[in-house]
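Note: the block below is protein.pdb and it holds PDB, C-alpha atoms.
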```pdb
ATOM      1  CA  MET A   1       8.340 277.218 175.846
ATOM      2  CA  SER A   2      10.685 274.944 177.850
ATOM      3  CA  SER A   3      13.058 272.693 175.951
ATOM      4  CA  ARG A   4      11.664 269.753 177.956
ATOM      5  CA  ARG A   5      14.865 267.727 177.613
ATOM      6  CA  VAL A   6      14.947 264.402 179.448
ATOM      7  CA  LEU A   7      17.996 262.206 180.024
ATOM      8  CA  LEU A   8      17.337 258.552 180.860
ATOM      9  CA  VAL A   9      20.289 256.636 182.332
ATOM     10  CA  GLU A  10      19.303 252.981 181.971
ATOM     11  CA  ASP A  11      21.251 250.068 180.507
ATOM     12  CA  ASP A  12      18.372 247.661 179.868
ATOM     13  CA  PRO A  13      17.131 247.998 176.247
ATOM     14  CA  SER A  14      13.607 246.835 177.090
ATOM     15  CA  LEU A  15      13.205 249.440 179.820
ATOM     16  CA  GLN A  16      14.735 252.073 177.548
ATOM     17  CA  ARG A  17      12.053 251.173 175.029
ATOM     18  CA  PHE A  18       9.294 251.275 177.654
ATOM     19  CA  VAL A  19      10.222 254.784 178.795
ATOM     20  CA  GLY A  20      10.654 255.979 175.210
ATOM     21  CA  MET A  21       7.223 254.673 174.187
ATOM     22  CA  VAL A  22       5.534 256.291 177.185
ATOM     23  CA  LEU A  23       7.195 259.670 176.629
ATOM     24  CA  GLU A  24       6.404 259.849 172.911
ATOM     25  CA  ASP A  25       3.204 261.788 173.575
ATOM     26  CA  LEU A  26       4.621 264.141 176.217
ATOM     27  CA  ALA A  27       6.475 266.526 173.895
ATOM     28  CA  VAL A  28       9.912 265.827 175.340
ATOM     29  CA  GLU A  29      13.314 265.435 173.745
ATOM     30  CA  LEU A  30      14.600 262.138 175.159
ATOM     31  CA  ARG A  31      18.244 261.102 175.235
ATOM     32  CA  VAL A  32      19.229 257.666 176.551
ATOM     33  CA  CYS A  33      22.576 256.678 178.067
ATOM     34  CA  GLY A  34      23.487 253.215 179.252
ATOM     35  CA  ASP A  35      26.145 254.088 181.829
ATOM     36  CA  VAL A  36      27.413 256.848 184.094
ATOM     37  CA  GLY A  37      30.320 257.851 181.879
ATOM     38  CA  SER A  38      28.162 258.532 178.824
ATOM     39  CA  ALA A  39      25.575 260.312 180.991
ATOM     40  CA  LEU A  40      28.193 262.732 182.340
ATOM     41  CA  GLN A  41      29.383 263.354 178.795
ATOM     42  CA  ALA A  42      25.823 264.016 177.627
ATOM     43  CA  LEU A  43      25.248 266.514 180.427
ATOM     44  CA  ALA A  44      28.497 268.291 179.578
ATOM     45  CA  GLU A  45      27.313 268.634 175.989
ATOM     46  CA  GLN A  46      23.772 269.811 176.727
ATOM     47  CA  PRO A  47      21.800 270.579 179.900
ATOM     48  CA  VAL A  48      18.563 268.733 180.589
ATOM     49  CA  ASP A  49      15.406 269.558 182.492
ATOM     50  CA  LEU A  50      14.878 266.072 183.945
ATOM     51  CA  LEU A  51      17.278 263.228 184.672
ATOM     52  CA  ILE A  52      15.901 259.744 185.376
ATOM     53  CA  THR A  53      18.545 257.251 186.471
ATOM     54  CA  ASP A  54      18.686 253.588 187.343
ATOM     55  CA  LEU A  55      20.903 252.696 190.297
ATOM     56  CA  MET A  56      22.506 249.489 188.981
ATOM     57  CA  LEU A  57      24.593 250.451 185.950
ATOM     58  CA  PRO A  58      27.491 248.695 184.191
ATOM     59  CA  ASP A  59      30.359 251.058 185.017
ATOM     60  CA  ARG A  60      29.357 252.864 188.211
ATOM     61  CA  SER A  61      26.208 253.201 190.275
ATOM     62  CA  GLY A  62      23.404 255.705 189.930
ATOM     63  CA  GLN A  63      24.423 257.021 193.355
ATOM     64  CA  ASP A  64      27.883 257.745 191.916
ATOM     65  CA  LEU A  65      26.275 259.744 189.124
ATOM     66  CA  LEU A  66      24.132 261.720 191.558
ATOM     67  CA  ALA A  67      27.113 262.385 193.854
ATOM     68  CA  GLU A  68      29.050 263.691 190.857
ATOM     69  CA  LEU A  69      26.221 266.073 190.032
ATOM     70  CA  GLN A  70      26.026 267.212 193.642
ATOM     71  CA  ALA A  71      29.754 267.990 193.577
ATOM     72  CA  ARG A  72      29.447 269.746 190.198
ATOM     73  CA  PRO A  73      26.245 271.823 190.365
ATOM     74  CA  ALA A  74      27.003 273.529 187.053
ATOM     75  CA  LEU A  75      26.833 270.120 185.354
ATOM     76  CA  ARG A  76      23.458 269.385 186.905
ATOM     77  CA  GLY A  77      22.088 272.825 186.095
ATOM     78  CA  GLN A  78      18.375 273.046 186.810
ATOM     79  CA  ALA A  79      17.656 269.377 186.170
ATOM     80  CA  HIS A  80      15.090 267.625 188.320
ATOM     81  CA  LEU A  81      16.455 264.290 189.581
ATOM     82  CA  VAL A  82      14.487 261.038 189.653
ATOM     83  CA  ALA A  83      15.664 257.564 190.697
ATOM     84  CA  PHE A  84      14.267 254.603 188.739
ATOM     85  CA  SER A  85      15.050 251.320 190.449
ATOM     86  CA  ALA A  86      13.770 248.101 191.960
ATOM     87  CA  GLY A  87      16.075 248.554 194.973
ATOM     88  CA  LEU A  88      14.524 251.437 196.887
ATOM     89  CA  GLN A  89      14.828 250.266 200.465
ATOM     90  CA  PRO A  90      14.492 252.911 203.220
ATOM     91  CA  GLN A  91      18.265 253.320 203.620
ATOM     92  CA  VAL A  92      18.698 253.794 199.879
ATOM     93  CA  ARG A  93      15.849 256.314 199.817
ATOM     94  CA  SER A  94      17.563 258.370 202.517
ATOM     95  CA  GLN A  95      20.819 258.341 200.547
ATOM     96  CA  LEU A  96      19.034 259.425 197.381
ATOM     97  CA  GLN A  97      17.209 262.261 199.110
ATOM     98  CA  ALA A  98      20.542 263.520 200.470
ATOM     99  CA  LEU A  99      21.833 263.509 196.881
ATOM    100  CA  GLY A 100      18.999 265.753 195.699
ATOM    101  CA  VAL A 101      16.591 263.168 194.282
ATOM    102  CA  GLU A 102      13.095 264.632 194.193
ATOM    103  CA  ARG A 103      11.100 261.558 193.212
ATOM    104  CA  MET A 104      11.607 257.811 193.135
ATOM    105  CA  LEU A 105      10.018 255.406 190.682
ATOM    106  CA  PHE A 106       9.954 251.788 191.777
ATOM    107  CA  LYS A 107      10.497 249.304 188.947
ATOM    108  CA  PRO A 108       8.282 248.307 187.366
ATOM    109  CA  CYS A 109       6.434 251.599 187.332
ATOM    110  CA  SER A 110       3.209 252.040 185.411
ATOM    111  CA  VAL A 111       2.567 254.307 182.451
ATOM    112  CA  ASN A 112       0.507 256.586 184.666
ATOM    113  CA  GLU A 113       3.246 256.834 187.305
ATOM    114  CA  LEU A 114       5.895 257.679 184.714
ATOM    115  CA  GLU A 115       3.706 260.255 183.004
ATOM    116  CA  ALA A 116       2.817 261.846 186.351
ATOM    117  CA  CYS A 117       6.502 262.024 187.266
ATOM    118  CA  VAL A 118       7.439 263.793 184.034
ATOM    119  CA  GLU A 119       4.498 266.187 184.181
ATOM    120  CA  GLU A 120       5.220 266.998 187.827
ATOM    121  CA  ALA A 121       8.777 267.968 186.877
ATOM    122  CA  LEU A 122       8.140 269.643 183.516
ATOM    123  CA  GLY A 123       4.463 270.553 183.545
ATOM    124  CA  PRO A 124       1.816 269.114 181.217
ATOM    125  CA  ALA A 125       2.661 268.571 177.570
ATOM    126  CA  PRO A 126       1.826 271.636 175.469
ATOM    127  CA  LEU A 127      -1.284 271.415 173.335
ATOM    128  CA  THR A 128      -0.804 271.094 169.596
ATOM    129  CA  LEU A 129      -3.079 272.147 166.770
ATOM    130  CA  ASP A 130      -2.626 268.922 164.830
ATOM    131  CA  LEU A 131      -4.496 266.546 167.088
ATOM    132  CA  PRO A 132      -5.754 263.335 165.454
ATOM    133  CA  ALA A 133      -9.467 263.133 164.921
ATOM    134  CA  ALA A 134     -11.456 261.270 167.596
ATOM    135  CA  PRO A 135      -8.517 259.797 169.512
ATOM    136  CA  LEU A 136      -9.133 256.711 171.594
ATOM    137  CA  ALA A 137      -8.887 257.285 175.320
ATOM    138  CA  ARG A 138      -6.046 255.440 177.001
ATOM    139  CA  ASN A 139      -8.433 253.800 179.427
ATOM    140  CA  ASP A 140     -10.574 252.380 176.613
ATOM    141  CA  LEU A 141      -9.122 248.894 176.840
ATOM    142  CA  ASP A 142      -9.741 247.034 173.605
ATOM    143  CA  THR A 143     -10.217 243.372 174.479
ATOM    144  CA  ARG A 144     -11.418 242.206 171.073
ATOM    145  CA  PRO A 145      -9.582 239.154 169.680
ATOM    146  CA  ASP A 146      -6.616 239.964 167.492
ATOM    147  CA  PRO A 147      -4.915 237.148 165.545
ATOM    148  CA  SER A 148      -1.553 238.915 165.833
ATOM    149  CA  ALA A 149      -1.846 239.425 169.608
ATOM    150  CA  PRO A 150      -0.037 237.224 172.137
ATOM    151  CA  PRO A 151      -2.105 234.408 173.606
ATOM    152  CA  SER A 152      -4.043 235.188 176.787
ATOM    153  CA  PRO A 153      -2.584 238.610 177.578
ATOM    154  CA  ASP A 154      -2.768 239.621 181.215
ATOM    155  CA  LEU A 155      -5.527 242.221 181.047
ATOM    156  CA  GLU A 156      -5.023 243.210 184.668
ATOM    157  CA  ALA A 157      -1.344 243.978 184.032
ATOM    158  CA  ILE A 158      -2.240 245.900 180.876
ATOM    159  CA  GLN A 159      -4.676 248.031 182.812
ATOM    160  CA  ARG A 160      -2.334 248.487 185.763
ATOM    161  CA  ASN A 161       1.006 249.016 183.992
ATOM    162  CA  PHE A 162      -0.045 250.382 180.588
ATOM    163  CA  GLY A 163      -3.074 252.453 181.560
ATOM    164  CA  GLY A 164      -5.275 250.106 179.521
ATOM    165  CA  ASP A 165      -3.390 250.920 176.312
ATOM    166  CA  MET A 166      -3.360 247.582 174.473
ATOM    167  CA  ALA A 167      -1.329 248.966 171.559
ATOM    168  CA  LEU A 168       1.387 250.186 173.930
ATOM    169  CA  TYR A 169       1.437 246.806 175.665
ATOM    170  CA  ARG A 170       1.736 244.938 172.367
ATOM    171  CA  GLY A 171       4.528 247.204 171.139
ATOM    172  CA  PHE A 172       6.485 246.824 174.370
ATOM    173  CA  ARG A 173       5.933 243.061 174.438
ATOM    174  CA  ALA A 174       7.163 242.651 170.865
ATOM    175  CA  ALA A 175      10.307 244.671 171.608
ATOM    176  CA  SER A 176      10.884 242.695 174.815
ATOM    177  CA  LEU A 177      10.603 239.336 173.032
ATOM    178  CA  GLN A 178      13.264 240.422 170.558
ATOM    179  CA  GLN A 179      15.508 241.455 173.450
ATOM    180  CA  PHE A 180      14.913 238.161 175.270
ATOM    181  CA  SER A 181      16.768 236.221 172.583
ATOM    182  CA  MET A 182      19.814 238.464 173.077
ATOM    183  CA  ASP A 183      19.492 238.204 176.859
ATOM    184  CA  ARG A 184      19.446 234.417 176.616
ATOM    185  CA  ALA A 185      22.594 234.384 174.496
ATOM    186  CA  GLU A 186      24.379 236.743 176.868
ATOM    187  CA  GLY A 187      23.239 234.704 179.859
ATOM    188  CA  GLU A 188      24.499 231.450 178.358
ATOM    189  CA  ARG A 189      27.880 233.036 177.686
ATOM    190  CA  ALA A 190      28.108 234.592 181.154
ATOM    191  CA  CYS A 191      27.079 231.348 182.885
ATOM    192  CA  ALA A 192      29.746 229.401 181.014
ATOM    193  CA  ALA A 193      32.328 232.013 182.038
ATOM    194  CA  ARG A 194      30.965 232.115 185.631
ATOM    195  CA  GLU A 195      30.468 235.895 185.446
ATOM    196  CA  LEU A 196      28.327 236.438 188.531
ATOM    197  CA  ALA A 197      27.900 240.195 188.089
ATOM    198  CA  THR A 198      26.765 239.884 184.476
ATOM    199  CA  VAL A 199      24.149 237.213 185.190
ATOM    200  CA  ARG A 200      22.979 239.122 188.243
ATOM    201  CA  ARG A 201      22.473 242.275 186.153
ATOM    202  CA  LEU A 202      20.544 240.283 183.541
ATOM    203  CA  ALA A 203      18.323 238.741 186.218
ATOM    204  CA  HIS A 204      17.748 242.176 187.760
ATOM    205  CA  SER A 205      16.612 243.660 184.451
ATOM    206  CA  LEU A 206      14.501 240.673 183.447
ATOM    207  CA  LYS A 207      12.728 240.726 186.823
ATOM    208  CA  SER A 208      11.356 244.195 186.099
ATOM    209  CA  VAL A 209      10.513 243.638 182.430
ATOM    210  CA  LEU A 210       8.661 240.392 183.130
ATOM    211  CA  LEU A 211       6.690 242.031 185.925
ATOM    212  CA  ILE A 212       5.686 244.916 183.650
ATOM    213  CA  LEU A 213       4.335 242.316 181.209
ATOM    214  CA  GLY A 214       2.323 240.635 183.968
ATOM    215  CA  LEU A 215       4.486 237.502 183.980
ATOM    216  CA  ASP A 216       4.752 237.309 187.749
ATOM    217  CA  ALA A 217       6.001 233.729 188.044
ATOM    218  CA  SER A 218       8.869 234.323 185.607
ATOM    219  CA  SER A 219       9.659 237.609 187.354
ATOM    220  CA  ASP A 220       9.819 235.798 190.698
ATOM    221  CA  LEU A 221      12.227 233.264 189.202
ATOM    222  CA  ALA A 222      14.495 236.057 187.939
ATOM    223  CA  GLY A 223      14.331 237.650 191.379
ATOM    224  CA  ARG A 224      15.392 234.389 193.061
ATOM    225  CA  LEU A 225      18.383 234.135 190.739
ATOM    226  CA  GLU A 226      19.306 237.773 191.351
ATOM    227  CA  ARG A 227      19.186 237.347 195.132
ATOM    228  CA  GLN A 228      21.278 234.185 195.032
ATOM    229  CA  LEU A 229      23.987 235.816 192.938
ATOM    230  CA  GLU A 230      23.843 239.039 194.965
ATOM    231  CA  ALA A 231      24.464 237.066 198.166
ATOM    232  CA  ALA A 232      27.411 235.251 196.572
ATOM    233  CA  LEU A 233      28.931 238.522 195.370
ATOM    234  CA  ALA A 234      28.493 240.155 198.779
ATOM    235  CA  ALA A 235      30.172 237.198 200.507
ATOM    236  CA  GLY A 236      32.974 236.956 197.962
ATOM    237  CA  GLN A 237      31.936 233.406 197.138
ATOM    238  CA  PRO A 238      32.408 231.585 193.820
ATOM    239  CA  TRP A 239      29.587 230.624 191.491
ATOM    240  CA  PRO A 240      26.822 229.319 193.810
ATOM    241  CA  ALA A 241      25.379 225.842 193.461
ATOM    242  CA  GLY A 242      21.991 225.926 191.782
ATOM    243  CA  ALA A 243      22.464 229.228 189.960
ATOM    244  CA  GLU A 244      22.979 227.529 186.610
ATOM    245  CA  CYS A 245      19.767 225.527 187.061
ATOM    246  CA  LEU A 246      17.831 228.690 187.912
ATOM    247  CA  TRP A 247      19.213 230.414 184.825
ATOM    248  CA  ALA A 248      18.383 227.387 182.652
ATOM    249  CA  GLU A 249      14.795 227.446 183.924
ATOM    250  CA  LEU A 250      14.492 231.194 183.337
ATOM    251  CA  SER A 251      16.054 230.897 179.884
ATOM    252  CA  GLY A 252      13.589 228.147 178.995
ATOM    253  CA  GLN A 253      10.669 230.343 179.983
ATOM    254  CA  LEU A 254      12.038 233.223 177.884
ATOM    255  CA  GLN A 255      12.414 230.851 174.933
ATOM    256  CA  ALA A 256       8.827 229.650 175.346
ATOM    257  CA  LEU A 257       7.573 233.251 175.370
ATOM    258  CA  SER A 258       9.472 234.013 172.185
ATOM    259  CA  ALA A 259       8.105 230.873 170.537
ATOM    260  CA  ASP A 260       4.567 232.132 171.185
ATOM    261  CA  ALA A 261       5.251 235.402 169.367
ATOM    262  CA  PRO A 262       3.551 235.794 165.970
ATOM    263  CA  ALA A 263       5.817 235.649 162.952
ATOM    264  CA  PRO A 264       6.847 239.105 161.669
TER     265      PRO A 264
END
```
How would this structure read if it were set down as structure tokens?
Amino acid sequence: MSSRRVLLVEDDPSLQRFVGMVLEDLAVELRVCGDVGSALQALAEQPVDLLITDLMLPDRSGQDLLAELQARPALRGQAHLVAFSAGLQPQVRSQLQALGVERMLFKPCSVNELEACVEEALGPAPLTLDLPAAPLARNDLDTRPDPSAPPSPDLEAIQRNFGGDMALYRGFRAASLQQFSMDRAEGERACAARELATVRRLAHSLKSVLLILGLDASSDLAGRLERQLEAALAAGQPWPAGAECLWAELSGQLQALSADAPAP
């Protein structure tokens, strides 16, 4: 039987958690790295069967990682390569294909898309003899009231992004709300220090996480902030006017979401 080793190169903790939760039932050994340097070290220590990489990473880009693997085929081994990003414009897709990428997952991808990607690369998960009795089907969306559930969950997003798995949605949402408090603190610090790249990376990550949760308006706000900071970075401009107000609005929405969470 294949080792079914998967390496995820992703720096956002919420998206790390999302992928980890989805892959729990696919009989894979998942290792997570948050930057290119640690990913190269992990590959040197142990080969993998599937590598899924974001493109915007703290130290270098996902394209840099893929170019390194193309130049060092022994380090890549037999690994299938998948790009996982919100920035998959046609030019980027062509670059990724030239670097050996076999499949591209657009953030935010759904549970079904991620599962299909893994099973396409590694084959279906092997059957086990210790299956739980009468398992609930993933598409059996439980909409009964739950006092511990978030108010008015977006059932369409749960069906679309989580395959109708309410438990998976609730687990991911709870983990995301915990991360939001840390994101807010990091954003406040980075805004005060006028660190454009840091706030841009936060906005980029939050855009995807909020969209996975069905919070489209908040995701759009994060996207506006990301684009504003990206334009300033590309033009070599200082901290743009209005960016702090956009961050303050986004931070307020994250705080309101966390306030709605049930007490542990």
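Each of A:Glu68, A:Glu230, A:Asp35, A:Glu186 was compared to Thr53 of chain A using only C-alpha atoms, and A:Asp35 turns out to be the nearest.
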Using only C-alpha atoms, the best pick from A:Leu250, A:Leu88, A:Leu225, A:Leu168 as closest to Val22 of chain A would be A:Leu168
With distances taken over only C-alpha atoms, the candidate from A:Leu81, A:Val199, A:Leu40, A:Ala256 nearest Leu99 of chain A is A:Leu81
Report the closest atom pair, with its distance in Å rounded to one decimal, for each residue of segment 39-63 of chain A that has an atom no farther than 10 Å from segment 117-126 of chain A; count only C-alpha atoms, sort by chain and then rising residue number, and write it as JSON lines.
```
{"residue": "A:Asp49", "atom": "CA", "partner": "A:Leu122", "partner_atom": "CA", "distance": 7.3}
{"residue": "A:Leu50", "atom": "CA", "partner": "A:Ala121", "partner_atom": "CA", "distance": 7.0}
{"residue": "A:Leu51", "atom": "CA", "partner": "A:Val118", "partner_atom": "CA", "distance": 9.9}
{"residue": "A:Ile52", "atom": "CA", "partner": "A:Val118", "partner_atom": "CA", "distance": 9.5}
```
For the residues in the current selection, export C-alpha atoms as a tab-separated table (two decimals), in the frame of the given file.
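Final output, saved to selection_10.tsv:
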```
chain	number	residue	atom	x	y	z
A	49	ASP	CA	15.41	269.56	182.49
A	50	LEU	CA	14.88	266.07	183.94
A	51	LEU	CA	17.28	263.23	184.67
A	52	ILE	CA	15.90	259.74	185.38
```
List the residues selected by the PyMOL selection byres ((chain A and resi 56) around 9) in the file shown, writing them as an mmCIF file with C-alpha atoms, keeping the file's coordinate frame.
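The new file result11.cif reads:
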```
data_model
loop_
_atom_site.group_PDB
_atom_site.id
_atom_site.type_symbol
_atom_site.label_atom_id
_atom_site.label_comp_id
_atom_site.auth_asym_id
_atom_site.auth_seq_id
_atom_site.Cartn_x
_atom_site.Cartn_y
_atom_site.Cartn_z
ATOM 1 C CA GLU A 10 19.303 252.981 181.971
ATOM 2 C CA ASP A 11 21.251 250.068 180.507
ATOM 3 C CA ASP A 54 18.686 253.588 187.343
ATOM 4 C CA LEU A 55 20.903 252.696 190.297
ATOM 5 C CA LEU A 57 24.593 250.451 185.950
ATOM 6 C CA PRO A 58 27.491 248.695 184.191
ATOM 7 C CA ASP A 59 30.359 251.058 185.017
ATOM 8 C CA ARG A 60 29.357 252.864 188.211
ATOM 9 C CA SER A 61 26.208 253.201 190.275
ATOM 10 C CA GLY A 62 23.404 255.705 189.930
ATOM 11 C CA GLN A 63 24.423 257.021 193.355
ATOM 12 C CA SER A 85 15.050 251.320 190.449
ATOM 13 C CA GLY A 87 16.075 248.554 194.973
ATOM 14 C CA ARG A 201 22.473 242.275 186.153
ATOM 15 C CA HIS A 204 17.748 242.176 187.760
#
```
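When all atoms listed in the file are used to measure the gap to Phe106 of chain A, the shortest distance among A:Leu211, A:Cys33, A:Leu229, A:Ala259 belongs to A:Leu211.
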Judged by all atoms listed in the file, the minimum distance to Phe18 of chain A among A:Arg189, A:Arg224, A:Arg72, A:Arg170 is found for A:Arg170
| request: Would you kindly return, as a list in words, each protein, DNA or RNA residue with an atom no farther than 7 Å from any atom of Arg31 of chain A, considering all atoms listed in the file and excluding same-chain residues fewer than 4 positions away? | output: Val6, Leu7 and Leu8 of chain A
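Taking atom CA of Arg17 of chain A and atom CA of Gly164 of chain A as endpoints, the distance between them is 17.9 Å.
Between Gln255 of chain A and the residues A:Gln237, A:Arg227, A:Arg184, A:Arg173, the shortest atom-to-atom distance, using only C-alpha atoms, involves A:Arg184.
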Centre and edges of the segment 229-232 of chain A box, axis-aligned, 5 Å extra per side, as lines of an AutoDock Vina configuration file:
```
center_x = 25.6
center_y = 237.1
center_z = 195.6
size_x = 13.6
size_y = 13.8
size_z = 15.2
```
Residue IDs satisfying the PyMOL selection byres ((chain A and resi 179) around 12), as number ranges by chain
A: 12-17, 172-178, 180-186, 202, 205-206, 209-210, 254-255, 257-258
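Atom to atom, atom CA of Val9 of chain A and atom CA of Glu244 of chain A stand 29.5 Å apart.
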Take the PyMOL selection byres ((chain A and resi 77) around 12), apply it to the structure above, and return the hits as a CSV table (one decimal) with C-alpha atoms, in the coordinates of the input.
```csv
chain,number,residue,atom,x,y,z
A,43,LEU,CA,25.2,266.5,180.4
A,44,ALA,CA,28.5,268.3,179.6
A,46,GLN,CA,23.8,269.8,176.7
A,47,PRO,CA,21.8,270.6,179.9
A,48,VAL,CA,18.6,268.7,180.6
A,49,ASP,CA,15.4,269.6,182.5
A,50,LEU,CA,14.9,266.1,183.9
A,51,LEU,CA,17.3,263.2,184.7
A,69,LEU,CA,26.2,266.1,190.0
A,70,GLN,CA,26.0,267.2,193.6
A,71,ALA,CA,29.8,268.0,193.6
A,72,ARG,CA,29.4,269.7,190.2
A,73,PRO,CA,26.2,271.8,190.4
A,74,ALA,CA,27.0,273.5,187.1
A,75,LEU,CA,26.8,270.1,185.4
A,76,ARG,CA,23.5,269.4,186.9
A,78,GLN,CA,18.4,273.0,186.8
A,79,ALA,CA,17.7,269.4,186.2
A,80,HIS,CA,15.1,267.6,188.3
A,81,LEU,CA,16.5,264.3,189.6
```
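For the atom pair formed by atom CA of Arg194 of chain A and atom CA of Gly252 of chain A, the distance is 19.0 Å, given to one decimal.
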Quiz prompt | All residues 6 Å or closer to Val82 of chain A, only C-alpha atoms, same chain fewer than 2 positions away omitted, as a PyMOL selection string | solution = chain A and resi 52+101-104
